[in-house]
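Student: I'd like to ask you about the structure that follows.
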Amino acid sequence: MNTAQQKVALVTGAARGIGLATAKRFLADGYCVALVDIDGDNLKRTYAALAKTDVTMAIECDVSNPGDVERAFELTATRFGRLDALVNNAGIAIFKPILDVTFEDWSRVLAVNLTGPFLCTQAAAPLMRDSGGGAVVNITSISGLRASTLRTAYGTSKAGLAHLTKQQAVELASLNIRVNAVAPGPVDTAMAKEVHTPEIRADYHDHMPLNRYGLEEELAETIFFLCSPRASYITGQVIAVDGGFDSTGIGLPTLRAEKRNG
């Protein structure tokens with residue numbers, strides 16, 4: 001059991017990527033962390049590699065399954081006795097042309113990316129209320145702010161999550177629970193490295209003012225800030241951490257070329 005002073009965070013999709021970087025950031029600030037992921041084998045490896053058994057726990061969970069979610073939060077409450085921060089990071093992507101998206105594709109993406117954060121936040125709120133309040137951060141995507149090819153299900157699920165964030169912020173404020181979202185742009189995750197060809201990476205670079213992919217640790221810093229007392233007056237916001245991707249229209253590659261030639 002943690003002490004009454006030691007805060008507790010639960011991070012979904014914590015076995016790798018942004019979720020793992022976020023869990024490490026909480027640990028660095030003295031939090032206890034419940035690591036939640038559907039990939040049990042990878043989760044076990046991550047838990048062992050962290051080597052912090054006194055302040056971490058690993059829970060295999062499908063966030064779209066109400067029974068799994070209920071169990072995950074019960075285990076967290078039993079082990080740590082409170083909950084101060086929830087990061088709804090678990091998500092999946094199925095990239096297909098719109099006419100090739102099956103009902104099963106659509107249903108699964110929305111179940112994990114939208115229903116999952118709904119279920120997890122609903123389970124977290126009573127624990128946070130009983131701890132005096134807390135903070136939730138939903139991980140949306142730049143694809144929820146701007147449409148793109150192959151992202152019918154994924155982009156729609158993330159756009160829905162952006163609105164769910166605002167709805168949760170309005171309804172949970174009376175419990176002293178803040179809810180915000182982070183919308184990552186291109187980030188050097190394992191998933192991106194698998195699906196982003198050199199041509200796609202070049203296209204992203206051409207469109208971003210900062211002209212690079214983000215780091216998982218940069219996302220983790222923003223997520224941690226939104227869960228911290230330093231963000232005590234911020235709720236209902238969707239913050240793009242994207243190197244300027246969402247702010248940019250056409251013409252950036254041309255302007256860069258003109259600057260080089262000028």
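Labeling convention for the structure tokens: chains A, B, ... as they appear, residues from 1 per chain, ligands from 1 in order of appearance.
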Within 8 Å of Leu43 of chain A, counting only C-alpha atoms, which residues show up once you throw out same-chain ones fewer than 3 positions away? Write them as JSON, numbers by chain, please.
Tutor: {"A": [14, 15, 35, 36, 37, 39, 40, 46, 47, 58, 60]}
Student: When DSSP works through the backbone of this structure, what residues of segment 49-170 of chain A end up as strand (DSSP E), shown as a list in words?
Tutor: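 Assigned to strand (DSSP E), within segment 49-170 of chain A: Thr56, Met57, Ala58, Ile59, Glu60, Ala85, Leu86, Val87, Asn88, Gly134, Ala135, Val136, Val137, Asn138 and Ile139 of chain A.
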Student: For N, CA and C atoms, I'd like the residues from the last selection saved as a PDB file, in the first residue's frame.
Tutor:
ATOM      1  N   THR A  56       4.894   0.010  -8.647  1.00  0.00           N
ATOM      2  CA  THR A  56       4.194  -0.258  -9.909  1.00  0.00           C
ATOM      3  C   THR A  56       3.419  -1.562  -9.797  1.00  0.00           C
ATOM      4  N   MET A  57       2.418  -1.682 -10.650  1.00  0.00           N
ATOM      5  CA  MET A  57       1.709  -2.940 -10.823  1.00  0.00           C
ATOM      6  C   MET A  57       1.310  -3.057 -12.278  1.00  0.00           C
ATOM      7  N   ALA A  58       1.213  -4.289 -12.773  1.00  0.00           N
ATOM      8  CA  ALA A  58       0.871  -4.536 -14.167  1.00  0.00           C
ATOM      9  C   ALA A  58      -0.476  -5.237 -14.227  1.00  0.00           C
ATOM     10  N   ILE A  59      -1.378  -4.699 -15.060  1.00  0.00           N
ATOM     11  CA  ILE A  59      -2.724  -5.246 -15.169  1.00  0.00           C
ATOM     12  C   ILE A  59      -3.052  -5.453 -16.646  1.00  0.00           C
ATOM     13  N   GLU A  60      -3.266  -6.699 -17.029  1.00  0.00           N
ATOM     14  CA  GLU A  60      -3.691  -6.985 -18.400  1.00  0.00           C
ATOM     15  C   GLU A  60      -5.167  -6.642 -18.520  1.00  0.00           C
ATOM     16  N   ALA A  85      -4.468  10.371 -11.065  1.00  0.00           N
ATOM     17  CA  ALA A  85      -4.320  10.689 -12.487  1.00  0.00           C
ATOM     18  C   ALA A  85      -4.648   9.471 -13.325  1.00  0.00           C
ATOM     19  N   LEU A  86      -5.353   9.706 -14.422  1.00  0.00           N
ATOM     20  CA  LEU A  86      -5.666   8.674 -15.406  1.00  0.00           C
ATOM     21  C   LEU A  86      -5.233   9.170 -16.769  1.00  0.00           C
ATOM     22  N   VAL A  87      -4.469   8.345 -17.478  1.00  0.00           N
ATOM     23  CA  VAL A  87      -4.076   8.660 -18.852  1.00  0.00           C
ATOM     24  C   VAL A  87      -4.666   7.600 -19.763  1.00  0.00           C
ATOM     25  N   ASN A  88      -5.654   8.008 -20.559  1.00  0.00           N
ATOM     26  CA  ASN A  88      -6.316   7.106 -21.515  1.00  0.00           C
ATOM     27  C   ASN A  88      -5.528   7.111 -22.817  1.00  0.00           C
ATOM     28  N   GLY A 134      -8.779  14.923  -9.042  1.00  0.00           N
ATOM     29  CA  GLY A 134      -7.735  14.349  -9.880  1.00  0.00           C
ATOM     30  C   GLY A 134      -7.761  14.918 -11.274  1.00  0.00           C
ATOM     31  N   ALA A 135      -7.036  14.263 -12.174  1.00  0.00           N
ATOM     32  CA  ALA A 135      -6.924  14.742 -13.554  1.00  0.00           C
ATOM     33  C   ALA A 135      -6.937  13.561 -14.509  1.00  0.00           C
ATOM     34  N   VAL A 136      -7.604  13.759 -15.623  1.00  0.00           N
ATOM     35  CA  VAL A 136      -7.657  12.771 -16.697  1.00  0.00           C
ATOM     36  C   VAL A 136      -7.076  13.406 -17.947  1.00  0.00           C
ATOM     37  N   VAL A 137      -6.240  12.652 -18.659  1.00  0.00           N
ATOM     38  CA  VAL A 137      -5.751  13.092 -19.967  1.00  0.00           C
ATOM     39  C   VAL A 137      -6.079  12.013 -20.986  1.00  0.00           C
ATOM     40  N   ASN A 138      -6.856  12.378 -21.996  1.00  0.00           N
ATOM     41  CA  ASN A 138      -7.173  11.485 -23.102  1.00  0.00           C
ATOM     42  C   ASN A 138      -6.192  11.738 -24.243  1.00  0.00           C
ATOM     43  N   ILE A 139      -5.680  10.670 -24.824  1.00  0.00           N
ATOM     44  CA  ILE A 139      -4.753  10.824 -25.946  1.00  0.00           C
ATOM     45  C   ILE A 139      -5.543  10.703 -27.248  1.00  0.00           C
TER      46      ILE A 139
END
Student: Give me the residues within 8 Å of Cys120 of chain A as an mmCIF file with N, CA and C atoms, in the first residue's frame, counting only C-alpha atoms and dropping any in the same chain fewer than 3 places off.
Tutor:
data_model
loop_
_atom_site.group_PDB
_atom_site.id
_atom_site.type_symbol
_atom_site.label_atom_id
_atom_site.label_comp_id
_atom_site.auth_asym_id
_atom_site.auth_seq_id
_atom_site.Cartn_x
_atom_site.Cartn_y
_atom_site.Cartn_z
ATOM 1 N N VAL A 63 -9.440 -2.358 -22.682
ATOM 2 C CA VAL A 63 -10.186 -1.201 -22.186
ATOM 3 C C VAL A 63 -11.589 -1.100 -22.766
ATOM 4 N N VAL A 69 -12.206 -3.514 -17.339
ATOM 5 C CA VAL A 69 -11.973 -2.174 -16.795
ATOM 6 C C VAL A 69 -12.318 -2.133 -15.310
ATOM 7 N N ASN A 88 -5.654 8.008 -20.559
ATOM 8 C CA ASN A 88 -6.316 7.106 -21.515
ATOM 9 C C ASN A 88 -5.528 7.111 -22.817
ATOM 10 N N GLY A 116 -13.341 2.874 -24.769
ATOM 11 C CA GLY A 116 -12.348 2.614 -23.729
ATOM 12 C C GLY A 116 -12.140 3.796 -22.795
ATOM 13 N N PRO A 117 -11.847 4.991 -23.309
ATOM 14 C CA PRO A 117 -11.702 6.152 -22.430
ATOM 15 C C PRO A 117 -12.985 6.493 -21.670
ATOM 16 N N ALA A 123 -14.928 4.683 -14.475
ATOM 17 C CA ALA A 123 -14.452 3.877 -13.344
ATOM 18 C C ALA A 123 -13.507 4.672 -12.445
ATOM 19 N N ALA A 124 -12.758 5.595 -13.039
ATOM 20 C CA ALA A 124 -11.772 6.361 -12.277
ATOM 21 C C ALA A 124 -12.398 7.443 -11.412
#
Student: To one decimal in Å, tell me the separation between atom CA of Arg82 of chain A and atom CA of Pro126 of chain A.
Tutor: 9.9 Å
Student: Mind giving me the straight-line distance from atom CA of Arg108 of chain A to atom CA of Tyr213 of chain A in Å, one decimal?
Tutor: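 Taking atom CA of Arg108 of chain A as the start and atom CA of Tyr213 of chain A as the end point, the length is 27.6 Å.
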Student: Provide the atom CA of Asp105 of chain A to atom CA of Ala153 of chain A distance in Å, to one decimal place.
Tutor: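 Taking atom CA of Asp105 of chain A and atom CA of Ala153 of chain A, their separation equals 7.5 Å.
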Student: Could you pull out the alpha helix (DSSP H) residues of segment 23-257 of chain A from DSSP and send them as a ChimeraX atom specification?
Tutor: /A:23-28,40-50,66-80,103-110,116-130,152-172,190-195,198-207,216-227,252-257
